[in-house]
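Chemist: File name run29.cif; file contents mmCIF, C-alpha atoms and all ligand atoms; full text below.
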```cif
data_structure
loop_
_atom_site.group_PDB
_atom_site.id
_atom_site.type_symbol
_atom_site.label_atom_id
_atom_site.label_comp_id
_atom_site.auth_asym_id
_atom_site.auth_seq_id
_atom_site.Cartn_x
_atom_site.Cartn_y
_atom_site.Cartn_z
ATOM 1 C CA MET A 234 7.275 -110.880 128.529
ATOM 2 C CA LYS A 235 10.509 -112.856 128.589
ATOM 3 C CA ARG A 236 12.727 -112.950 125.530
ATOM 4 C CA GLN A 237 12.216 -116.104 123.470
ATOM 5 C CA PHE A 238 14.909 -118.159 121.738
ATOM 6 C CA ALA A 239 14.703 -121.453 119.853
ATOM 7 C CA VAL A 240 17.518 -123.966 119.437
ATOM 8 C CA ILE A 241 17.308 -126.597 116.685
ATOM 9 C CA GLY A 242 19.594 -129.614 117.151
ATOM 10 C CA LEU A 243 20.519 -130.844 120.613
ATOM 11 C CA GLY A 244 24.042 -132.192 120.081
ATOM 12 C CA ARG A 245 26.762 -131.096 122.507
ATOM 13 C CA PHE A 246 26.889 -127.593 121.027
ATOM 14 C CA GLY A 247 23.122 -126.996 120.786
ATOM 15 C CA GLY A 248 22.616 -128.477 124.244
ATOM 16 C CA SER A 249 25.243 -126.208 125.730
ATOM 17 C CA VAL A 250 23.667 -123.143 124.047
ATOM 18 C CA CYS A 251 20.302 -124.132 125.592
ATOM 19 C CA CYS A 252 21.770 -124.343 129.094
ATOM 20 C CA ALA A 253 23.618 -121.035 128.774
ATOM 21 C CA LEU A 254 20.493 -119.252 127.477
ATOM 22 C CA ILE A 255 18.407 -120.586 130.365
ATOM 23 C CA GLU A 256 21.065 -119.322 132.768
ATOM 24 C CA GLN A 257 20.678 -115.910 131.124
ATOM 25 C CA GLY A 258 17.011 -115.993 132.124
ATOM 26 C CA VAL A 259 15.341 -116.246 128.713
ATOM 27 C CA GLU A 260 12.751 -118.732 127.427
ATOM 28 C CA VAL A 261 14.107 -121.517 125.244
ATOM 29 C CA LEU A 262 12.273 -123.811 122.847
ATOM 30 C CA ALA A 263 14.476 -126.829 122.087
ATOM 31 C CA ILE A 264 13.812 -128.833 118.925
ATOM 32 C CA ASP A 265 15.309 -132.126 117.792
ATOM 33 C CA GLN A 266 14.053 -134.936 115.578
ATOM 34 C CA CYS A 267 15.440 -137.472 118.014
ATOM 35 C CA GLU A 268 13.094 -138.186 120.922
ATOM 36 C CA ALA A 269 15.878 -139.308 123.255
ATOM 37 C CA LYS A 270 17.649 -135.939 122.819
ATOM 38 C CA VAL A 271 14.428 -134.051 123.465
ATOM 39 C CA ASN A 272 13.829 -136.060 126.650
ATOM 40 C CA GLN A 273 17.344 -135.298 127.793
ATOM 41 C CA TYR A 274 16.612 -131.535 127.707
ATOM 42 C CA ARG A 275 12.948 -131.607 128.768
ATOM 43 C CA ASP A 276 13.686 -130.530 132.342
ATOM 44 C CA VAL A 277 16.327 -127.987 131.342
ATOM 45 C CA VAL A 278 14.510 -125.780 128.817
ATOM 46 C CA THR A 279 11.110 -124.035 128.775
ATOM 47 C CA HIS A 280 9.684 -126.290 126.042
ATOM 48 C CA ALA A 281 11.231 -129.260 124.246
ATOM 49 C CA VAL A 282 9.625 -130.786 121.165
ATOM 50 C CA VAL A 283 10.320 -133.580 118.711
ATOM 51 C CA ALA A 284 10.204 -132.173 115.166
ATOM 52 C CA ASP A 285 12.038 -132.368 111.859
ATOM 53 C CA SER A 286 13.171 -128.816 111.133
ATOM 54 C CA THR A 287 13.300 -129.471 107.389
ATOM 55 C CA ASP A 288 9.510 -129.827 107.535
ATOM 56 C CA GLU A 289 8.186 -126.324 106.917
ATOM 57 C CA GLN A 290 4.725 -127.107 108.265
ATOM 58 C CA ALA A 291 6.164 -128.408 111.508
ATOM 59 C CA LEU A 292 8.113 -125.180 112.053
ATOM 60 C CA ARG A 293 5.085 -123.095 111.130
ATOM 61 C CA HIS A 294 2.938 -124.956 113.689
ATOM 62 C CA LEU A 295 5.541 -124.248 116.369
ATOM 63 C CA GLY A 296 5.122 -120.537 115.637
ATOM 64 C CA ILE A 297 8.833 -120.298 114.971
ATOM 65 C CA ARG A 298 8.641 -116.842 113.420
ATOM 66 C CA ASN A 299 7.549 -115.357 116.741
ATOM 67 C CA PHE A 300 10.912 -116.217 118.255
ATOM 68 C CA GLU A 301 13.392 -113.407 118.573
ATOM 69 C CA HIS A 302 16.382 -115.551 117.609
ATOM 70 C CA VAL A 303 16.728 -119.086 116.276
ATOM 71 C CA ILE A 304 19.978 -121.041 116.567
ATOM 72 C CA VAL A 305 20.526 -123.871 114.064
ATOM 73 C CA ALA A 306 22.887 -126.333 115.731
ATOM 74 C CA ILE A 307 22.686 -129.207 113.274
ATOM 75 C CA GLY A 308 26.259 -130.218 112.557
ATOM 76 C CA ASP A 309 26.868 -133.277 110.455
ATOM 77 C CA ASN A 310 23.812 -133.147 108.233
ATOM 78 C CA ILE A 311 24.765 -130.088 106.174
ATOM 79 C CA GLN A 312 21.799 -130.515 103.868
ATOM 80 C CA ALA A 313 19.359 -130.418 106.812
ATOM 81 C CA SER A 314 21.169 -127.385 108.240
ATOM 82 C CA ILE A 315 20.915 -125.465 104.950
ATOM 83 C CA LEU A 316 17.287 -126.397 104.322
ATOM 84 C CA THR A 317 16.326 -125.453 107.886
ATOM 85 C CA THR A 318 18.040 -122.069 107.562
ATOM 86 C CA LEU A 319 16.297 -121.443 104.247
ATOM 87 C CA ILE A 320 12.877 -122.225 105.741
ATOM 88 C CA LEU A 321 13.514 -120.039 108.803
ATOM 89 C CA ASP A 322 14.471 -117.144 106.549
ATOM 90 C CA GLU A 323 11.388 -117.636 104.362
ATOM 91 C CA LEU A 324 9.114 -117.807 107.415
ATOM 92 C CA GLY A 325 10.476 -114.382 108.397
ATOM 93 C CA VAL A 326 12.589 -115.241 111.462
ATOM 94 C CA GLU A 327 14.514 -112.070 112.161
ATOM 95 C CA HIS A 328 17.728 -113.343 113.724
ATOM 96 C CA ILE A 329 19.257 -116.662 112.650
ATOM 97 C CA THR A 330 22.561 -118.024 113.945
ATOM 98 C CA VAL A 331 23.904 -121.200 112.359
ATOM 99 C CA LYS A 332 26.704 -123.536 113.312
ATOM 100 C CA ALA A 333 28.857 -124.177 110.226
ATOM 101 C CA GLN A 334 30.649 -127.448 109.660
ATOM 102 C CA ASN A 335 33.191 -126.084 107.154
ATOM 103 C CA ASP A 336 33.953 -123.121 104.866
ATOM 104 C CA TYR A 337 31.733 -124.334 102.006
ATOM 105 C CA HIS A 338 28.845 -124.733 104.386
ATOM 106 C CA GLU A 339 29.483 -121.175 105.600
ATOM 107 C CA LYS A 340 29.472 -119.760 102.046
ATOM 108 C CA VAL A 341 26.063 -121.263 101.367
ATOM 109 C CA LEU A 342 24.696 -120.071 104.712
ATOM 110 C CA VAL A 343 25.764 -116.491 104.005
ATOM 111 C CA LYS A 344 23.921 -116.584 100.656
ATOM 112 C CA ILE A 345 20.662 -117.850 102.107
ATOM 113 C CA GLY A 346 20.244 -115.317 104.879
ATOM 114 C CA ALA A 347 21.974 -116.617 108.011
ATOM 115 C CA GLU A 348 22.732 -113.494 109.994
ATOM 116 C CA ARG A 349 25.477 -114.995 112.068
ATOM 117 C CA ILE A 350 27.604 -118.079 111.505
ATOM 118 C CA VAL A 351 29.625 -119.764 114.214
ATOM 119 C CA HIS A 352 32.432 -122.322 113.967
ATOM 120 C CA PRO A 353 32.780 -123.620 117.508
ATOM 121 C CA GLU A 354 35.264 -126.428 116.788
ATOM 122 C CA ARG A 355 37.521 -124.270 114.581
ATOM 123 C CA ASP A 356 37.458 -121.284 116.945
ATOM 124 C CA MET A 357 37.991 -123.352 120.056
ATOM 125 C CA GLY A 358 40.890 -125.097 118.304
ATOM 126 C CA ALA A 359 42.526 -121.734 117.600
ATOM 127 C CA ARG A 360 42.002 -120.582 121.184
ATOM 128 C CA ILE A 361 43.487 -123.720 122.636
ATOM 129 C CA ALA A 362 46.453 -123.580 120.249
ATOM 130 C CA HIS A 363 47.368 -120.111 121.551
ATOM 131 C CA HIS A 364 47.153 -121.417 125.077
ATOM 132 C CA LEU A 365 49.422 -124.326 124.140
ATOM 133 C CA MET A 366 51.992 -122.103 122.436
ATOM 134 C CA SER A 367 52.511 -119.849 125.404
ATOM 135 C CA LYS A 368 52.023 -120.856 129.019
ATOM 136 C CA ASN A 369 50.986 -117.314 129.961
ATOM 137 C CA VAL A 370 48.245 -116.951 127.359
ATOM 138 C CA LEU A 371 44.900 -117.772 128.913
ATOM 139 C CA ASP A 372 42.517 -116.896 126.125
ATOM 140 C CA TYR A 373 42.468 -115.685 122.546
ATOM 141 C CA LEU A 374 39.764 -113.991 120.504
ATOM 142 C CA GLU A 375 39.938 -113.329 116.777
ATOM 143 C CA VAL A 376 38.610 -109.825 116.112
ATOM 144 C CA SER A 377 39.136 -109.867 112.344
ATOM 145 C CA ASP A 378 41.377 -111.850 110.008
ATOM 146 C CA LYS A 379 44.354 -109.665 111.028
ATOM 147 C CA TYR A 380 43.661 -108.562 114.594
ATOM 148 C CA SER A 381 43.117 -110.403 117.843
ATOM 149 C CA ILE A 382 42.713 -109.891 121.545
ATOM 150 C CA ILE A 383 44.567 -112.066 124.047
ATOM 151 C CA GLU A 384 44.324 -112.514 127.769
ATOM 152 C CA MET A 385 47.814 -113.054 129.072
ATOM 153 C CA PHE A 386 49.399 -113.335 132.508
ATOM 154 C CA ALA A 387 52.106 -110.726 133.010
ATOM 155 C CA GLY A 388 54.621 -113.274 134.277
ATOM 156 C CA SER A 389 57.977 -112.595 135.929
ATOM 157 C CA LYS A 390 59.513 -110.697 132.975
ATOM 158 C CA MET A 391 56.979 -107.859 133.280
ATOM 159 C CA HIS A 392 56.865 -107.759 137.065
ATOM 160 C CA ALA A 393 57.341 -104.339 138.708
ATOM 161 C CA LYS A 394 57.705 -102.531 135.383
ATOM 162 C CA THR A 395 55.496 -99.781 133.981
ATOM 163 C CA LEU A 396 53.932 -99.785 130.519
ATOM 164 C CA VAL A 397 56.415 -97.077 129.448
ATOM 165 C CA GLU A 398 59.343 -99.177 130.651
ATOM 166 C CA LEU A 399 57.986 -102.170 128.756
ATOM 167 C CA ASN A 400 57.214 -99.816 125.882
ATOM 168 C CA VAL A 401 54.415 -102.130 124.784
ATOM 169 C CA ARG A 402 52.780 -99.934 122.166
ATOM 170 C CA ALA A 403 55.938 -98.461 120.695
ATOM 171 C CA SER A 404 57.934 -101.724 120.509
ATOM 172 C CA PHE A 405 55.176 -104.229 119.793
ATOM 173 C CA GLY A 406 52.321 -102.165 118.336
ATOM 174 C CA CYS A 407 50.036 -103.738 120.929
ATOM 175 C CA ASN A 408 47.620 -101.933 123.211
ATOM 176 C CA VAL A 409 46.941 -102.978 126.780
ATOM 177 C CA MET A 410 43.226 -102.254 127.006
ATOM 178 C CA ALA A 411 42.709 -103.434 130.564
ATOM 179 C CA ILE A 412 44.388 -105.205 133.449
ATOM 180 C CA LYS A 413 42.592 -107.706 135.684
ATOM 181 C CA ARG A 414 44.135 -107.798 139.131
ATOM 182 C CA GLY A 415 42.191 -110.216 141.322
ATOM 183 C CA ALA A 416 38.702 -108.725 141.616
ATOM 184 C CA GLU A 417 39.957 -105.305 140.513
ATOM 185 C CA MET A 418 39.786 -104.144 136.908
ATOM 186 C CA ILE A 419 42.062 -101.377 135.616
ATOM 187 C CA VAL A 420 40.510 -100.123 132.386
ATOM 188 C CA SER A 421 42.595 -98.105 129.862
ATOM 189 C CA PRO A 422 45.797 -98.164 131.940
ATOM 190 C CA LYS A 423 48.080 -95.127 131.714
ATOM 191 C CA ALA A 424 51.729 -95.229 130.712
ATOM 192 C CA ASP A 425 52.920 -95.103 134.343
ATOM 193 C CA GLN A 426 50.811 -98.119 135.386
ATOM 194 C CA LEU A 427 52.923 -100.642 137.309
ATOM 195 C CA ILE A 428 52.469 -104.269 136.297
ATOM 196 C CA GLN A 429 52.515 -107.157 138.760
ATOM 197 C CA GLN A 430 53.408 -110.762 137.996
ATOM 198 C CA ASP A 431 49.867 -112.155 138.504
ATOM 199 C CA ASP A 432 48.109 -109.423 136.517
ATOM 200 C CA LEU A 433 46.026 -110.607 133.593
ATOM 201 C CA LEU A 434 46.556 -108.251 130.636
ATOM 202 C CA ILE A 435 43.931 -107.818 127.945
ATOM 203 C CA VAL A 436 45.893 -106.918 124.833
ATOM 204 C CA LEU A 437 44.706 -105.907 121.352
ATOM 205 C CA GLY A 438 46.986 -106.001 118.330
ATOM 206 C CA ALA A 439 47.782 -107.317 114.866
ATOM 207 C CA ASP A 440 48.350 -111.082 114.887
ATOM 208 C CA GLU A 441 52.095 -110.920 114.184
ATOM 209 C CA ASP A 442 52.606 -108.185 116.832
ATOM 210 C CA ILE A 443 50.652 -110.178 119.399
ATOM 211 C CA LYS A 444 52.811 -113.186 118.590
ATOM 212 C CA ARG A 445 56.057 -111.243 119.140
ATOM 213 C CA PHE A 446 54.652 -109.857 122.377
ATOM 214 C CA GLU A 447 53.661 -113.344 123.607
ATOM 215 C CA GLN A 448 57.079 -114.760 122.790
ATOM 216 C CA MET A 449 59.016 -111.918 124.395
ATOM 217 C CA PHE A 450 57.249 -112.248 127.730
ATOM 218 C CA ASP A 451 56.611 -115.998 127.855
HETATM 219 P P1 LIG B 501 28.009 -131.904 118.569
HETATM 220 O O1 LIG B 501 27.731 -130.499 118.978
HETATM 221 O O2 LIG B 501 27.699 -132.884 119.641
HETATM 222 O O3 LIG B 501 29.339 -132.111 117.905
HETATM 223 P P2 LIG B 501 26.975 -131.794 116.009
HETATM 224 O O4 LIG B 501 27.026 -130.335 115.940
HETATM 225 O O5 LIG B 501 27.995 -132.586 115.303
HETATM 226 O O6 LIG B 501 26.926 -132.242 117.517
HETATM 227 P P3 LIG B 501 24.921 -133.457 115.095
HETATM 228 O O7 LIG B 501 25.220 -134.545 116.051
HETATM 229 O O8 LIG B 501 25.171 -133.653 113.665
HETATM 230 O O9 LIG B 501 25.551 -132.129 115.571
HETATM 231 O O10 LIG B 501 23.416 -133.002 115.226
HETATM 232 C C1 LIG B 501 22.955 -132.305 116.327
HETATM 233 C C2 LIG B 501 21.504 -132.683 116.550
HETATM 234 O O11 LIG B 501 20.731 -132.216 115.476
HETATM 235 C C3 LIG B 501 21.263 -134.179 116.671
HETATM 236 O O12 LIG B 501 20.738 -134.443 117.961
HETATM 237 C C4 LIG B 501 20.242 -134.466 115.580
HETATM 238 O O13 LIG B 501 19.235 -135.370 116.001
HETATM 239 C C5 LIG B 501 19.649 -133.099 115.312
HETATM 240 N N1 LIG B 501 19.115 -132.982 113.959
HETATM 241 C C6 LIG B 501 19.729 -133.318 112.801
HETATM 242 N N2 LIG B 501 18.918 -133.071 111.753
HETATM 243 C C7 LIG B 501 17.758 -132.571 112.270
HETATM 244 C C8 LIG B 501 16.525 -132.122 111.705
HETATM 245 N N3 LIG B 501 16.306 -132.139 110.387
HETATM 246 N N4 LIG B 501 15.564 -131.678 112.547
HETATM 247 C C9 LIG B 501 15.764 -131.641 113.871
HETATM 248 N N5 LIG B 501 16.889 -132.049 114.461
HETATM 249 C C10 LIG B 501 17.879 -132.509 113.679
HETATM 250 P P1 LIG B 502 53.662 -92.872 121.744
HETATM 251 O O1 LIG B 502 53.790 -91.554 121.094
HETATM 252 O O2 LIG B 502 54.901 -93.711 121.712
HETATM 253 O O3 LIG B 502 52.451 -93.668 121.277
HETATM 254 P P2 LIG B 502 52.213 -91.844 123.912
HETATM 255 O O4 LIG B 502 52.109 -90.476 123.380
HETATM 256 O O5 LIG B 502 51.015 -92.700 123.873
HETATM 257 O O6 LIG B 502 53.451 -92.588 123.285
HETATM 258 P P3 LIG B 502 52.388 -92.387 126.720
HETATM 259 O O7 LIG B 502 50.916 -92.553 126.842
HETATM 260 O O8 LIG B 502 53.130 -91.651 127.766
HETATM 261 O O9 LIG B 502 52.784 -91.697 125.368
HETATM 262 O O10 LIG B 502 53.032 -93.806 126.602
HETATM 263 C C1 LIG B 502 54.407 -94.014 126.412
HETATM 264 C C2 LIG B 502 54.640 -95.420 125.966
HETATM 265 O O11 LIG B 502 54.126 -96.312 126.963
HETATM 266 C C3 LIG B 502 53.893 -95.770 124.701
HETATM 267 O O12 LIG B 502 54.594 -95.505 123.536
HETATM 268 C C4 LIG B 502 53.678 -97.250 124.884
HETATM 269 O O13 LIG B 502 54.769 -97.988 124.401
HETATM 270 C C5 LIG B 502 53.551 -97.433 126.358
HETATM 271 N N1 LIG B 502 52.140 -97.503 126.762
HETATM 272 C C6 LIG B 502 51.451 -96.611 127.464
HETATM 273 N N2 LIG B 502 50.168 -97.026 127.653
HETATM 274 C C7 LIG B 502 50.049 -98.199 127.041
HETATM 275 C C8 LIG B 502 48.987 -99.127 126.855
HETATM 276 N N3 LIG B 502 47.774 -98.956 127.378
HETATM 277 N N4 LIG B 502 49.250 -100.235 126.154
HETATM 278 C C9 LIG B 502 50.466 -100.459 125.618
HETATM 279 N N5 LIG B 502 51.507 -99.626 125.755
HETATM 280 C C10 LIG B 502 51.320 -98.509 126.447
HETATM 281 CA CA CA B 503 30.172 -132.707 115.908
#
```
Transcribe the structure of this file into structure tokens.

Modeler:
Amino acid sequence: MKRQFAVIGLGRFGGSVCCALIEQGVEVLAIDQCEAKVNQYRDVVTHAVVADSTDEQALRHLGIRNFEHVIVAIGDNIQASILTTLILDELGVEHITVKAQNDYHEKVLVKIGAERIVHPERDMGARIAHHLMSKNVLDYLEVSDKYSIIEMFAGSKMHAKTLVELNVRASFGCNVMAIKRGAEMIVSPKADQLIQQDDLLIVLGADEDIKRFEQMFD
């Protein structure tokens, strides 16, 4: 049997989650109270239904607790998002991921049993800001409140140098975990690894160290 996911709220975020899940080959039940939204996704997902997710009976009838993972993608109506999450938790849904609108919303969601909370606008903003700050930084991922991982092009300043010569770990406290070179992937590079201009480095470090590293080789 295929894995089953349900997505509640078919705004841009929820809709995009639906499409990505379908691409991953799982079954997706899409739920929205707005009929036009449901029609928009009817041909994309496995099942699409019009329902108000704050109506416990409606969710019960959909057999929501049999779904492996439910994603609550209601953004602006925080009250509806909270109530929906509460009902899902009470109905015994095992894995619940909720899109948070702000930090207060997140605090409430944590208390009522959301297993995972996502902040797509905030996180995407942070990723894009890193890209804007340094022309070589392609992507940024926050690992904790102090550590991050960046994807950064080596650029001309690193070209034809080894990791020892650049002394990345000793001078910047950053670790090069992997190097993407075209289709090739060099995982856990050694100290004598030569860097080329077009290499994409995957670097883990404390935020301030990463920042110094970015600036030095920009
Ligand atoms: P976007 O991702 O486009 O920014 P958003 O996250 O801001 O969207 P909203 O537009 O607030 O989200 O809502 C997403 C969807 O959730 C809307 O299509 C709305 O109809 C649906 N929705 C809101 N409340 C409920 C509810 N109680 N039951 C079912 N669907 C709901
Ligand atoms: P150290 O004692 O300074 O940590 P080391 O014992 O790890 O060095 P080597 O592995 O030979 O010794 O590396 C020498 C230097 O090369 C490191 O200090 C570091 O600056 C750099 N280096 C080697 N590998 C990496 C890596 N994967 N990422 C970042 N820097 C590296
Ligand atoms: Ca929005």

Chemist: Rank A:Ala253, A:Met418, A:Ala359, A:Ile435 by their smallest atom-to-atom distance to ligand LIG 502 (chain B), using only C-alpha atoms and all ligand atoms, and report the top residue only.

Modeler: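 Nearest to ligand LIG 502 (chain B): A:Ile435.
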
Chemist: Name the residues captured by the PyMOL selection byres (((chain A and resi 385-400) around 6) and not hetatm) when it is applied to the shown file; answer as an MDAnalysis selection string.

Modeler: chainID A and resid 369:371 384 401:404 424:430 432:434 450

Chemist: Mind writing the picked residues with C-alpha atoms as a PDB file, keeping the file's coordinate frame?

Modeler:
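Everything below was put into selection-v7.pdb:
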```
ATOM      1  CA  ASN A 369      50.986-117.314 129.961  1.00  0.00           C
ATOM      2  CA  VAL A 370      48.245-116.951 127.359  1.00  0.00           C
ATOM      3  CA  LEU A 371      44.900-117.772 128.913  1.00  0.00           C
ATOM      4  CA  GLU A 384      44.324-112.514 127.769  1.00  0.00           C
ATOM      5  CA  VAL A 401      54.415-102.130 124.784  1.00  0.00           C
ATOM      6  CA  ARG A 402      52.780 -99.934 122.166  1.00  0.00           C
ATOM      7  CA  ALA A 403      55.938 -98.461 120.695  1.00  0.00           C
ATOM      8  CA  SER A 404      57.934-101.724 120.509  1.00  0.00           C
ATOM      9  CA  ALA A 424      51.729 -95.229 130.712  1.00  0.00           C
ATOM     10  CA  ASP A 425      52.920 -95.103 134.343  1.00  0.00           C
ATOM     11  CA  GLN A 426      50.811 -98.119 135.386  1.00  0.00           C
ATOM     12  CA  LEU A 427      52.923-100.642 137.309  1.00  0.00           C
ATOM     13  CA  ILE A 428      52.469-104.269 136.297  1.00  0.00           C
ATOM     14  CA  GLN A 429      52.515-107.157 138.760  1.00  0.00           C
ATOM     15  CA  GLN A 430      53.408-110.762 137.996  1.00  0.00           C
ATOM     16  CA  ASP A 432      48.109-109.423 136.517  1.00  0.00           C
ATOM     17  CA  LEU A 433      46.026-110.607 133.593  1.00  0.00           C
ATOM     18  CA  LEU A 434      46.556-108.251 130.636  1.00  0.00           C
ATOM     19  CA  PHE A 450      57.249-112.248 127.730  1.00  0.00           C
TER      20      PHE A 450
END
```

Chemist: Between atom CA of A:Glu375 and atom CA of A:Glu256, what is the spacing in Å?

Modeler: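 Computing the Euclidean distance for atom CA of A:Glu256 and atom CA of A:Glu375 yields 25.5 Å.
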
Chemist: With a cut-off of 6 Å, could you pull out the residues of chain A touching ligand LIG 501 (chain B) and give me the nearest pair of atoms for each, distance in Å to one decimal, using only C-alpha atoms and all ligand atoms, ordered by chain and ascending number, as a Markdown table?

Modeler:
```
| residue | atom | partner | partner_atom | distance |
| --- | --- | --- | --- | --- |
| A:Ile241 | CA | B:LIG501 | N5 | 5.9 |
| A:Gly242 | CA | B:LIG501 | O11 | 3.3 |
| A:Leu243 | CA | B:LIG501 | O12 | 4.5 |
| A:Gly244 | CA | B:LIG501 | O2 | 3.7 |
| A:Arg245 | CA | B:LIG501 | O2 | 3.5 |
| A:Phe246 | CA | B:LIG501 | O1 | 3.7 |
| A:Asp265 | CA | B:LIG501 | N5 | 3.7 |
| A:Gln266 | CA | B:LIG501 | C9 | 4.1 |
| A:Cys267 | CA | B:LIG501 | O13 | 4.8 |
| A:Lys270 | CA | B:LIG501 | O12 | 5.9 |
| A:Ala284 | CA | B:LIG501 | C9 | 5.7 |
| A:Asp285 | CA | B:LIG501 | N4 | 3.7 |
| A:Ser286 | CA | B:LIG501 | N4 | 4.0 |
| A:Thr287 | CA | B:LIG501 | N3 | 5.0 |
| A:Ala306 | CA | B:LIG501 | O4 | 5.8 |
| A:Ile307 | CA | B:LIG501 | O11 | 4.2 |
| A:Gly308 | CA | B:LIG501 | O4 | 3.5 |
| A:Asp309 | CA | B:LIG501 | O8 | 3.7 |
| A:Asn310 | CA | B:LIG501 | O8 | 5.6 |
| A:Ala313 | CA | B:LIG501 | N3 | 5.0 |
```

Chemist: Give the answer as one residue: which of A:Val409, A:Leu324, A:Ala439, A:Ala416 has the shortest atom-to-atom distance to ligand LIG 502 (chain B), using only C-alpha atoms and all ligand atoms?

Modeler: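 The answer is A:Val409, which sits nearest to ligand LIG 502 (chain B).
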
Chemist: With all atoms listed in the file as the counted atoms, please give the residues lying no more than 7 Å from A:Val259, apart from itself and same-chain residues fewer than 6 positions off, as a ChimeraX atom specification.

Modeler: /A:235-237

Chemist: Determine the nearest neighbour of A:Glu289 from the options A:Val277, A:Glu301, A:Thr317, A:Glu268, counting all atoms listed in the file.

Modeler: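 Checking each of A:Val277, A:Glu301, A:Thr317, A:Glu268 against A:Glu289, counting all atoms listed in the file, the winner is A:Thr317.
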
Chemist: Identify which of the residues A:Ala411, A:Ile255, A:Leu295, A:Leu342 lies closest to A:Ser314, counting all atoms listed in the file when measuring atom-to-atom distances.

Modeler: A:Leu342
